[in-house]
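**Student:** Structure: data38.csv, CSV, C-alpha atoms.
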```csv
chain,number,residue,atom,x,y,z
A,1,MET,CA,-27.4,7.4,1.6
A,2,THR,CA,-26.2,9.5,4.6
A,3,VAL,CA,-22.9,11.3,4.7
A,4,ARG,CA,-21.7,8.8,7.3
A,5,GLN,CA,-22.6,5.9,5.0
A,6,ARG,CA,-20.8,7.5,2.1
A,7,ILE,CA,-17.7,7.9,4.2
A,8,ARG,CA,-17.8,4.3,5.3
A,9,LEU,CA,-18.4,3.2,1.7
A,10,HIS,CA,-15.3,5.0,0.4
A,11,ALA,CA,-13.3,3.8,3.4
A,12,ARG,CA,-14.1,0.2,2.4
A,13,LEU,CA,-13.2,0.8,-1.2
A,14,GLY,CA,-9.9,2.4,-0.3
A,15,ARG,CA,-9.1,-0.1,2.5
A,16,VAL,CA,-8.0,2.9,4.5
A,17,SER,CA,-7.4,0.8,7.6
A,18,ASN,CA,-4.2,-0.4,6.0
A,19,LEU,CA,-2.8,3.1,5.3
A,20,PRO,CA,-0.6,3.2,8.4
A,21,THR,CA,1.5,0.4,6.8
A,22,VAL,CA,2.0,2.7,3.8
A,23,CYS,CA,3.2,5.5,6.1
A,24,SER,CA,5.7,3.1,7.7
A,25,ASN,CA,6.9,2.0,4.3
A,26,VAL,CA,7.6,5.7,3.5
A,27,LEU,CA,9.5,6.2,6.7
A,28,ALA,CA,11.5,3.0,6.2
A,29,GLY,CA,12.4,3.9,2.6
A,30,ALA,CA,13.5,7.4,3.6
A,31,VAL,CA,15.6,6.1,6.5
A,32,LEU,CA,17.2,3.2,4.5
A,33,GLY,CA,18.1,5.6,1.7
A,34,GLY,CA,19.8,8.0,4.1
A,35,GLY,CA,18.2,11.1,2.5
A,36,THR,CA,16.4,14.0,4.0
A,37,THR,CA,13.8,13.5,6.6
A,38,HIS,CA,12.4,17.0,6.4
A,39,PRO,CA,8.9,16.9,7.9
A,40,ALA,CA,7.2,18.7,5.0
A,41,VAL,CA,8.8,16.5,2.4
A,42,LEU,CA,7.9,13.3,4.3
A,43,VAL,CA,4.3,14.5,4.7
A,44,LEU,CA,3.9,15.2,1.0
A,45,LEU,CA,5.6,12.0,0.1
A,46,THR,CA,3.3,10.1,2.5
A,47,ILE,CA,0.2,11.7,1.0
A,48,ALA,CA,1.4,10.7,-2.5
A,49,MET,CA,2.1,7.1,-1.5
A,50,CYS,CA,-1.3,6.9,0.2
A,51,SER,CA,-2.9,8.2,-2.9
A,52,PHE,CA,-1.3,5.4,-4.9
A,53,TYR,CA,-2.5,2.8,-2.4
A,54,VAL,CA,-6.1,4.1,-2.3
A,55,GLY,CA,-6.2,4.4,-6.1
A,56,GLY,CA,-5.0,0.8,-6.4
A,57,MET,CA,-7.6,-0.4,-4.0
A,58,TYR,CA,-10.4,1.4,-5.9
A,59,LEU,CA,-9.2,0.0,-9.2
A,60,ASN,CA,-9.0,-3.5,-7.6
A,61,ASP,CA,-12.7,-3.4,-6.8
A,62,ALA,CA,-13.5,-1.9,-10.2
A,63,PHE,CA,-11.6,-4.6,-12.2
A,64,ASP,CA,-12.9,-7.4,-9.9
A,65,ARG,CA,-16.5,-6.4,-10.1
A,66,LYS,CA,-17.7,-9.4,-12.2
A,67,ILE,CA,-15.9,-11.9,-10.0
A,68,ASP,CA,-17.0,-10.2,-6.8
A,69,ALA,CA,-20.6,-10.4,-8.1
A,70,ILE,CA,-20.3,-14.2,-7.7
A,71,GLU,CA,-17.8,-14.6,-4.9
A,72,ARG,CA,-18.2,-11.4,-2.8
A,73,PRO,CA,-21.6,-9.9,-3.6
A,74,GLU,CA,-21.5,-7.8,-0.5
A,75,ARG,CA,-18.7,-5.6,-2.0
A,76,PRO,CA,-19.8,-2.0,-2.9
A,77,ILE,CA,-20.1,-2.4,-6.7
A,78,PRO,CA,-22.0,-5.7,-7.0
A,79,SER,CA,-24.3,-4.6,-4.2
A,80,HIS,CA,-25.1,-1.4,-6.3
A,81,LEU,CA,-23.8,1.0,-3.6
A,82,ILE,CA,-21.7,2.8,-6.2
A,83,ASP,CA,-21.3,2.7,-10.0
A,84,ALA,CA,-18.2,1.0,-11.4
A,85,ARG,CA,-17.4,4.0,-13.7
A,86,ARG,CA,-17.2,6.3,-10.7
A,87,VAL,CA,-14.9,3.8,-8.9
A,88,PHE,CA,-12.6,3.7,-12.0
A,89,ALA,CA,-12.6,7.5,-12.2
A,90,ILE,CA,-11.6,7.9,-8.5
A,91,GLY,CA,-9.0,5.2,-8.7
A,92,PHE,CA,-7.2,6.6,-11.7
A,93,ALA,CA,-7.5,10.2,-10.3
A,94,ALA,CA,-5.9,9.0,-7.1
A,95,LEU,CA,-3.0,7.5,-9.0
A,96,GLY,CA,-2.7,10.8,-11.0
A,97,ALA,CA,-2.7,12.8,-7.7
A,98,GLY,CA,0.2,10.7,-6.4
A,99,ILE,CA,2.2,11.3,-9.5
A,100,GLY,CA,1.4,15.0,-9.4
A,101,ILE,CA,2.6,15.4,-5.9
A,102,LEU,CA,5.9,13.7,-6.6
A,103,ALA,CA,6.3,15.8,-9.8
A,104,GLY,CA,5.8,18.9,-7.6
A,105,LEU,CA,8.5,17.8,-5.2
A,106,ARG,CA,10.9,17.3,-8.2
A,107,LEU,CA,10.0,20.8,-9.6
A,108,VAL,CA,11.1,22.4,-6.3
A,109,GLY,CA,14.3,20.4,-6.3
A,110,HIS,CA,13.7,17.5,-4.0
A,111,GLY,CA,14.9,14.0,-4.7
A,112,HIS,CA,16.7,12.3,-7.6
A,113,ALA,CA,15.8,12.4,-11.2
A,114,GLY,CA,14.8,8.7,-11.0
A,115,THR,CA,11.9,9.6,-8.7
A,116,MET,CA,9.4,10.1,-11.5
A,117,ALA,CA,10.5,6.9,-13.3
A,118,SER,CA,9.9,5.0,-10.0
A,119,ALA,CA,6.5,6.7,-9.5
A,120,LEU,CA,5.4,5.8,-13.0
A,121,ALA,CA,6.6,2.3,-12.6
A,122,LEU,CA,4.6,2.0,-9.3
A,123,ALA,CA,1.4,3.2,-11.0
A,124,PHE,CA,2.0,0.8,-13.9
A,125,VAL,CA,2.5,-2.2,-11.7
A,126,ILE,CA,-0.5,-1.3,-9.6
A,127,VAL,CA,-2.7,-1.3,-12.7
A,128,VAL,CA,-1.2,-4.5,-14.0
A,129,TYR,CA,-1.9,-6.2,-10.7
A,130,ASP,CA,-5.5,-5.0,-10.5
A,131,VAL,CA,-6.2,-6.1,-14.1
A,132,TRP,CA,-4.4,-9.5,-13.8
A,133,HIS,CA,-4.2,-10.9,-10.3
A,134,LYS,CA,-7.0,-13.4,-10.4
A,135,GLY,CA,-5.6,-16.7,-11.4
A,136,ASN,CA,-2.2,-15.2,-12.0
A,137,PRO,CA,0.6,-17.3,-10.4
A,138,PHE,CA,2.8,-14.1,-10.4
A,139,GLY,CA,0.1,-12.1,-8.6
A,140,PRO,CA,1.9,-12.2,-5.2
A,141,PHE,CA,5.1,-11.0,-6.8
A,142,LEU,CA,3.3,-8.1,-8.5
A,143,MET,CA,1.8,-7.0,-5.1
A,144,ALA,CA,5.2,-7.3,-3.5
A,145,THR,CA,6.7,-5.2,-6.2
A,146,CYS,CA,4.2,-2.5,-5.5
A,147,ARG,CA,5.4,-2.2,-1.9
A,148,VAL,CA,9.0,-2.4,-2.9
A,149,LEU,CA,8.5,0.5,-5.3
A,150,VAL,CA,7.1,2.5,-2.3
A,151,TYR,CA,10.5,1.9,-0.6
A,152,VAL,CA,12.4,2.9,-3.8
A,153,THR,CA,10.3,5.9,-4.6
A,154,ALA,CA,10.5,7.2,-1.0
A,155,ALA,CA,14.3,6.7,-1.0
A,156,LEU,CA,14.7,8.5,-4.3
A,157,ALA,CA,12.3,11.3,-3.4
A,158,THR,CA,14.2,12.1,-0.3
A,159,GLY,CA,17.6,12.1,-2.1
A,160,ALA,CA,18.9,8.7,-1.2
A,161,ARG,CA,22.6,8.5,-0.5
A,162,THR,CA,22.9,4.9,0.6
A,163,PRO,CA,21.4,2.5,-2.0
A,164,GLY,CA,22.7,-0.7,-0.3
A,165,PRO,CA,20.3,-0.7,2.7
A,166,VAL,CA,17.4,0.1,0.3
A,167,ILE,CA,18.2,-2.9,-1.8
A,168,VAL,CA,18.6,-5.2,1.2
A,169,GLY,CA,15.4,-3.9,2.7
A,170,SER,CA,13.5,-4.2,-0.6
A,171,VAL,CA,14.5,-7.9,-0.8
A,172,ILE,CA,13.3,-8.6,2.7
A,173,LEU,CA,10.0,-6.7,2.2
A,174,PHE,CA,9.5,-8.4,-1.2
A,175,GLY,CA,9.8,-11.8,0.5
A,176,TYR,CA,7.3,-10.9,3.2
A,177,LEU,CA,4.8,-9.4,0.9
A,178,SER,CA,5.0,-12.3,-1.6
A,179,ALA,CA,4.3,-14.8,1.3
A,180,LEU,CA,1.5,-12.6,2.7
A,181,THR,CA,-0.3,-12.2,-0.7
A,182,TYR,CA,0.1,-16.0,-1.4
A,183,VAL,CA,-1.5,-16.8,2.0
A,184,ALA,CA,-4.3,-14.3,1.4
A,185,LYS,CA,-5.1,-15.7,-2.1
A,186,HIS,CA,-5.1,-19.3,-0.8
A,187,GLU,CA,-6.4,-18.8,2.8
A,188,ARG,CA,-9.2,-21.4,2.4
A,189,ARG,CA,-6.6,-24.0,1.5
A,190,LEU,CA,-3.8,-23.0,3.8
A,191,LEU,CA,-5.7,-22.0,6.9
A,192,PRO,CA,-8.0,-24.4,8.8
A,193,ARG,CA,-11.6,-23.4,9.3
A,194,THR,CA,-11.1,-23.1,13.1
A,195,VAL,CA,-8.7,-20.2,12.5
A,196,PRO,CA,-10.2,-16.7,12.0
A,197,ARG,CA,-8.8,-16.3,8.5
A,198,GLY,CA,-9.7,-12.6,8.2
A,199,ALA,CA,-8.0,-11.8,11.4
A,200,VAL,CA,-4.9,-13.7,10.4
A,201,ILE,CA,-4.6,-11.8,7.2
A,202,GLY,CA,-5.2,-8.6,9.1
A,203,TRP,CA,-2.3,-9.4,11.4
A,204,LEU,CA,-0.1,-10.2,8.5
A,205,ILE,CA,-0.9,-6.9,6.9
A,206,ALA,CA,-0.1,-5.0,10.1
A,207,GLY,CA,3.1,-7.0,10.2
A,208,ILE,CA,4.4,-5.0,7.2
A,209,SER,CA,5.0,-2.1,9.6
A,210,LEU,CA,6.9,-4.5,11.9
A,211,VAL,CA,9.2,-5.4,9.1
A,212,ASP,CA,9.7,-1.7,8.5
A,213,ALA,CA,10.4,-1.2,12.2
A,214,VAL,CA,13.1,-3.9,12.3
A,215,LEU,CA,14.9,-2.5,9.2
A,216,VAL,CA,14.8,1.0,10.6
A,217,ALA,CA,16.0,-0.1,14.0
A,218,VAL,CA,19.0,-1.9,12.4
A,219,SER,CA,19.7,1.3,10.6
A,220,GLY,CA,20.2,3.1,13.9
A,221,ARG,CA,16.9,5.0,14.1
A,222,PRO,CA,15.1,3.5,17.1
A,223,GLY,CA,12.7,6.5,17.4
A,224,VAL,CA,11.5,6.1,13.8
A,225,ALA,CA,11.3,2.3,14.5
A,226,LEU,CA,8.8,3.0,17.3
A,227,LEU,CA,6.7,5.1,14.9
A,228,CYS,CA,6.6,2.1,12.6
A,229,VAL,CA,5.5,-0.2,15.4
A,230,ALA,CA,2.8,2.3,16.3
A,231,ALA,CA,1.7,2.3,12.6
A,232,GLY,CA,1.3,-1.5,12.9
A,233,ALA,CA,-0.8,-1.2,16.0
A,234,LEU,CA,-2.9,1.6,14.5
A,235,THR,CA,-3.6,-0.7,11.5
A,236,LEU,CA,-5.0,-3.4,13.8
A,237,VAL,CA,-7.2,-0.9,15.6
A,238,SER,CA,-8.4,0.6,12.3
A,239,GLN,CA,-9.3,-2.9,10.9
A,240,ARG,CA,-11.9,-3.2,13.6
A,241,ALA,CA,-13.8,-0.4,11.9
A,242,VAL,CA,-12.9,-0.9,8.3
A,243,ALA,CA,-12.0,-4.4,6.9
A,244,GLY,CA,-8.4,-4.5,5.5
A,245,THR,CA,-9.2,-7.0,2.8
```
Output the file's structure in the form of structure tokens.
**Tutor:**
Amino acid sequence: MTVRQRIRLHARLGRVSNLPTVCSNVLAGAVLGGGTTHPAVLVLLTIAMCSFYVGGMYLNDAFDRKIDAIERPERPIPSHLIDARRVFAIGFAALGAGIGILAGLRLVGHGHAGTMASALALAFVIVVYDVWHKGNPFGPFLMATCRVLVYVTAALATGARTPGPVIVGSVILFGYLSALTYVAKHERRLLPRTVPRGAVIGWLIAGISLVDAVLVAVSGRPGVALLCVAAGALTLVSQRAVAGT
């Protein structure tokens, strides 16, 4: 396997085309919380949240490998492009990296004491979702909770001073993600064959950043809202190279 093929393989496993939506989640959480928007803190926080996301995606493939062997044999593990043990190792390492970065921010005095509790809760819910999302009626709510915890963790890590907007934003994001995940799980039943299902799900994923943009704009930060819109557009462009599902 060439270097380019390896990069593409890991990009597929991590669903990296969706990472811009994680970045906009971080921006929204920080703005809604009214804490610091120091560039260095936001960059480290974004790297941490992206590590959580990528780790969760790796573990999703690892835990789904037996079902994928039947339903999606083209996925990297059932097609023998990579060993499941390696995928597990990378997935858990990525979660650990995210926790480590947030711990480092806390050690140098950034954020609230609840930051680490929120980060650990995020890692826990990610693993629970990956282990138990197939056939689980609460699966969409678990996925939505993961994204909400990105809001909460971002707000806490940046020293949130206004919890009210974070709560309202979390409720709105939870509703959107629950609906998105439900549609993605039941796309064959909900979407007619004439509709490009993959494209619809891709647009809905990119829409996460638009939800962020609206919430940030209402909070009086139009410049940051434009960044969130750009993140949504970048997600759609990236999905042309790497599938988002």
**Student:** Could you list, as number ranges by chain, every residue within 7 Å of range 90-97 of chain A, counting all atoms listed in the file and ignoring same-chain residues fewer than 3 positions away?
**Tutor:** A: 48, 51-52, 54-56, 58-59, 86-87, 100-101, 123
**Student:** Please tabulate, as a tab-separated table, the residues of range 9-98 of chain A that come within 12 Å of range 169-188 of chain A, each with its closest pair of atoms and the distance in Å to one decimal, counting all atoms listed in the file and ordering rows by chain, then residue number upward.
**Tutor:**
```
residue	atom	partner	partner_atom	distance
A:Thr21	CA	A:Leu177	CA	11.9
A:Asn25	CA	A:Leu173	CA	9.5
A:Ala28	CA	A:Gly169	CA	8.7
A:Gly29	CA	A:Gly169	CA	8.4
A:Ala30	CA	A:Gly169	CA	11.5
A:Val31	CA	A:Gly169	CA	10.7
A:Leu32	CA	A:Gly169	CA	7.5
A:Gly33	CA	A:Gly169	CA	9.9
```
**Student:** Between CA of Pro163 in chain A and CA of Ile126 in chain A, what distance in Å does the model show, to one decimal?
**Tutor:**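 One can read the CA of Pro163 in chain A to CA of Ile126 in chain A distance as 23.5 Å.
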**Student:** Go ahead and compute the interatomic distance for CA of Ala144 in chain A and CA of His112 in chain A, in Å to one decimal.
**Tutor:**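 About the pair CA of Ala144 in chain A and CA of His112 in chain A: they are 23.1 Å apart.
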**Student:** Expressed in Å to a single decimal, how great is the separation between CA of Thr245 in chain A and CA of Leu9 in chain A?
**Tutor:**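 Separation of CA of Thr245 in chain A and CA of Leu9 in chain A: 13.8 Å.
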**Student:** Select, from A:Ala84, A:Ala121, A:Val150, A:Leu44, the residue with the minimum atom-to-atom distance to Asp61 in chain A, counting only C-alpha atoms.
**Tutor:** A:Ala84
**Student:** Using all atoms listed in the file for the distances, tell me which of A:Gly98, A:Gly35, A:Gly198, A:Pro73 is nearest to Ala119 in chain A.
**Tutor:**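 Smallest distance to Ala119 in chain A is found for A:Gly98.
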**Student:** Here is a test: counting only C-alpha atoms, which residue of A:His38, A:Arg240, A:His10, A:Arg221 is nearest to His110 in chain A?
**Tutor:**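 Looking at the shortest contact to His110 in chain A, the residue is A:His38.
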**Student:** Any chance you could model N, CA and C atoms for range 101-137 of chain A and send them as a PDB file, in the frame of the given file?
**Tutor:**
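Saved file result_24.pdb follows:
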```
ATOM      1  N   ILE A 101       1.888  14.954  -7.062  1.00  0.00           N
ATOM      2  CA  ILE A 101       2.600  15.400  -5.900  1.00  0.00           C
ATOM      3  C   ILE A 101       4.087  15.188  -5.987  1.00  0.00           C
ATOM      4  N   LEU A 102       4.469  14.018  -6.480  1.00  0.00           N
ATOM      5  CA  LEU A 102       5.900  13.700  -6.600  1.00  0.00           C
ATOM      6  C   LEU A 102       6.524  14.619  -7.701  1.00  0.00           C
ATOM      7  N   ALA A 103       5.767  14.915  -8.753  1.00  0.00           N
ATOM      8  CA  ALA A 103       6.300  15.800  -9.800  1.00  0.00           C
ATOM      9  C   ALA A 103       6.505  17.214  -9.176  1.00  0.00           C
ATOM     10  N   GLY A 104       5.607  17.623  -8.281  1.00  0.00           N
ATOM     11  CA  GLY A 104       5.800  18.900  -7.600  1.00  0.00           C
ATOM     12  C   GLY A 104       7.016  18.951  -6.754  1.00  0.00           C
ATOM     13  N   LEU A 105       7.288  17.862  -6.041  1.00  0.00           N
ATOM     14  CA  LEU A 105       8.500  17.800  -5.200  1.00  0.00           C
ATOM     15  C   LEU A 105       9.753  17.899  -6.094  1.00  0.00           C
ATOM     16  N   ARG A 106       9.706  17.252  -7.245  1.00  0.00           N
ATOM     17  CA  ARG A 106      10.900  17.300  -8.200  1.00  0.00           C
ATOM     18  C   ARG A 106      11.030  18.732  -8.705  1.00  0.00           C
ATOM     19  N   LEU A 107       9.937  19.400  -9.005  1.00  0.00           N
ATOM     20  CA  LEU A 107      10.000  20.800  -9.600  1.00  0.00           C
ATOM     21  C   LEU A 107      10.668  21.745  -8.612  1.00  0.00           C
ATOM     22  N   VAL A 108      10.499  21.504  -7.309  1.00  0.00           N
ATOM     23  CA  VAL A 108      11.100  22.400  -6.300  1.00  0.00           C
ATOM     24  C   VAL A 108      12.470  21.894  -5.857  1.00  0.00           C
ATOM     25  N   GLY A 109      12.973  20.878  -6.547  1.00  0.00           N
ATOM     26  CA  GLY A 109      14.300  20.400  -6.300  1.00  0.00           C
ATOM     27  C   GLY A 109      14.571  19.323  -5.339  1.00  0.00           C
ATOM     28  N   HIS A 110      13.519  18.615  -4.930  1.00  0.00           N
ATOM     29  CA  HIS A 110      13.700  17.500  -4.000  1.00  0.00           C
ATOM     30  C   HIS A 110      13.847  16.182  -4.716  1.00  0.00           C
ATOM     31  N   GLY A 111      14.757  15.356  -4.214  1.00  0.00           N
ATOM     32  CA  GLY A 111      14.900  14.000  -4.700  1.00  0.00           C
ATOM     33  C   GLY A 111      15.753  13.874  -5.963  1.00  0.00           C
ATOM     34  N   HIS A 112      15.940  12.621  -6.371  1.00  0.00           N
ATOM     35  CA  HIS A 112      16.700  12.300  -7.600  1.00  0.00           C
ATOM     36  C   HIS A 112      15.864  12.318  -8.807  1.00  0.00           C
ATOM     37  N   ALA A 113      16.543  12.376  -9.945  1.00  0.00           N
ATOM     38  CA  ALA A 113      15.800  12.400 -11.200  1.00  0.00           C
ATOM     39  C   ALA A 113      15.027  11.112 -11.435  1.00  0.00           C
ATOM     40  N   GLY A 114      15.463  10.014 -10.829  1.00  0.00           N
ATOM     41  CA  GLY A 114      14.800   8.700 -11.000  1.00  0.00           C
ATOM     42  C   GLY A 114      13.459   8.641 -10.239  1.00  0.00           C
ATOM     43  N   THR A 115      13.128   9.667  -9.458  1.00  0.00           N
ATOM     44  CA  THR A 115      11.900   9.600  -8.700  1.00  0.00           C
ATOM     45  C   THR A 115      10.667   9.418  -9.535  1.00  0.00           C
ATOM     46  N   MET A 116      10.576  10.173 -10.624  1.00  0.00           N
ATOM     47  CA  MET A 116       9.400  10.100 -11.500  1.00  0.00           C
ATOM     48  C   MET A 116       9.312   8.750 -12.198  1.00  0.00           C
ATOM     49  N   ALA A 117      10.462   8.223 -12.602  1.00  0.00           N
ATOM     50  CA  ALA A 117      10.500   6.900 -13.300  1.00  0.00           C
ATOM     51  C   ALA A 117       9.949   5.850 -12.297  1.00  0.00           C
ATOM     52  N   SER A 118      10.373   5.934 -11.038  1.00  0.00           N
ATOM     53  CA  SER A 118       9.900   5.000 -10.000  1.00  0.00           C
ATOM     54  C   SER A 118       8.424   5.148  -9.761  1.00  0.00           C
ATOM     55  N   ALA A 119       7.953   6.401  -9.711  1.00  0.00           N
ATOM     56  CA  ALA A 119       6.500   6.700  -9.500  1.00  0.00           C
ATOM     57  C   ALA A 119       5.670   6.117 -10.612  1.00  0.00           C
ATOM     58  N   LEU A 120       6.115   6.336 -11.834  1.00  0.00           N
ATOM     59  CA  LEU A 120       5.400   5.800 -13.000  1.00  0.00           C
ATOM     60  C   LEU A 120       5.378   4.309 -13.021  1.00  0.00           C
ATOM     61  N   ALA A 121       6.511   3.721 -12.635  1.00  0.00           N
ATOM     62  CA  ALA A 121       6.600   2.300 -12.600  1.00  0.00           C
ATOM     63  C   ALA A 121       5.624   1.729 -11.518  1.00  0.00           C
ATOM     64  N   LEU A 122       5.531   2.426 -10.391  1.00  0.00           N
ATOM     65  CA  LEU A 122       4.600   2.000  -9.300  1.00  0.00           C
ATOM     66  C   LEU A 122       3.161   2.056  -9.837  1.00  0.00           C
ATOM     67  N   ALA A 123       2.782   3.137 -10.497  1.00  0.00           N
ATOM     68  CA  ALA A 123       1.400   3.200 -11.000  1.00  0.00           C
ATOM     69  C   ALA A 123       1.155   2.129 -12.044  1.00  0.00           C
ATOM     70  N   PHE A 124       2.130   1.848 -12.888  1.00  0.00           N
ATOM     71  CA  PHE A 124       2.000   0.800 -13.900  1.00  0.00           C
ATOM     72  C   PHE A 124       1.778  -0.569 -13.269  1.00  0.00           C
ATOM     73  N   VAL A 125       2.613  -0.907 -12.289  1.00  0.00           N
ATOM     74  CA  VAL A 125       2.500  -2.200 -11.700  1.00  0.00           C
ATOM     75  C   VAL A 125       1.205  -2.354 -10.884  1.00  0.00           C
ATOM     76  N   ILE A 126       0.758  -1.274 -10.270  1.00  0.00           N
ATOM     77  CA  ILE A 126      -0.500  -1.300  -9.600  1.00  0.00           C
ATOM     78  C   ILE A 126      -1.651  -1.664 -10.533  1.00  0.00           C
ATOM     79  N   VAL A 127      -1.677  -1.015 -11.689  1.00  0.00           N
ATOM     80  CA  VAL A 127      -2.700  -1.300 -12.700  1.00  0.00           C
ATOM     81  C   VAL A 127      -2.620  -2.707 -13.202  1.00  0.00           C
ATOM     82  N   VAL A 128      -1.404  -3.148 -13.491  1.00  0.00           N
ATOM     83  CA  VAL A 128      -1.200  -4.500 -14.000  1.00  0.00           C
ATOM     84  C   VAL A 128      -1.713  -5.522 -12.966  1.00  0.00           C
ATOM     85  N   TYR A 129      -1.387  -5.302 -11.699  1.00  0.00           N
ATOM     86  CA  TYR A 129      -1.900  -6.200 -10.700  1.00  0.00           C
ATOM     87  C   TYR A 129      -3.381  -6.235 -10.589  1.00  0.00           C
ATOM     88  N   ASP A 130      -3.993  -5.056 -10.607  1.00  0.00           N
ATOM     89  CA  ASP A 130      -5.500  -5.000 -10.500  1.00  0.00           C
ATOM     90  C   ASP A 130      -6.146  -5.657 -11.683  1.00  0.00           C
ATOM     91  N   VAL A 131      -5.564  -5.516 -12.860  1.00  0.00           N
ATOM     92  CA  VAL A 131      -6.200  -6.100 -14.100  1.00  0.00           C
ATOM     93  C   VAL A 131      -5.957  -7.614 -14.081  1.00  0.00           C
ATOM     94  N   TRP A 132      -4.803  -8.077 -13.597  1.00  0.00           N
ATOM     95  CA  TRP A 132      -4.400  -9.500 -13.800  1.00  0.00           C
ATOM     96  C   TRP A 132      -3.856 -10.147 -12.601  1.00  0.00           C
ATOM     97  N   HIS A 133      -4.630 -10.148 -11.531  1.00  0.00           N
ATOM     98  CA  HIS A 133      -4.200 -10.900 -10.300  1.00  0.00           C
ATOM     99  C   HIS A 133      -4.973 -12.124 -10.080  1.00  0.00           C
ATOM    100  N   LYS A 134      -6.196 -12.189 -10.587  1.00  0.00           N
ATOM    101  CA  LYS A 134      -7.000 -13.400 -10.400  1.00  0.00           C
ATOM    102  C   LYS A 134      -6.473 -14.511 -11.289  1.00  0.00           C
ATOM    103  N   GLY A 135      -6.129 -15.610 -10.666  1.00  0.00           N
ATOM    104  CA  GLY A 135      -5.600 -16.700 -11.400  1.00  0.00           C
ATOM    105  C   GLY A 135      -4.219 -16.561 -11.952  1.00  0.00           C
ATOM    106  N   ASN A 136      -3.552 -15.504 -11.554  1.00  0.00           N
ATOM    107  CA  ASN A 136      -2.200 -15.200 -12.000  1.00  0.00           C
ATOM    108  C   ASN A 136      -1.187 -15.738 -10.999  1.00  0.00           C
ATOM    109  N   PRO A 137      -0.367 -16.734 -11.346  1.00  0.00           N
ATOM    110  CA  PRO A 137       0.600 -17.300 -10.400  1.00  0.00           C
ATOM    111  C   PRO A 137       1.642 -16.236  -9.954  1.00  0.00           C
TER     112      PRO A 137
END
```
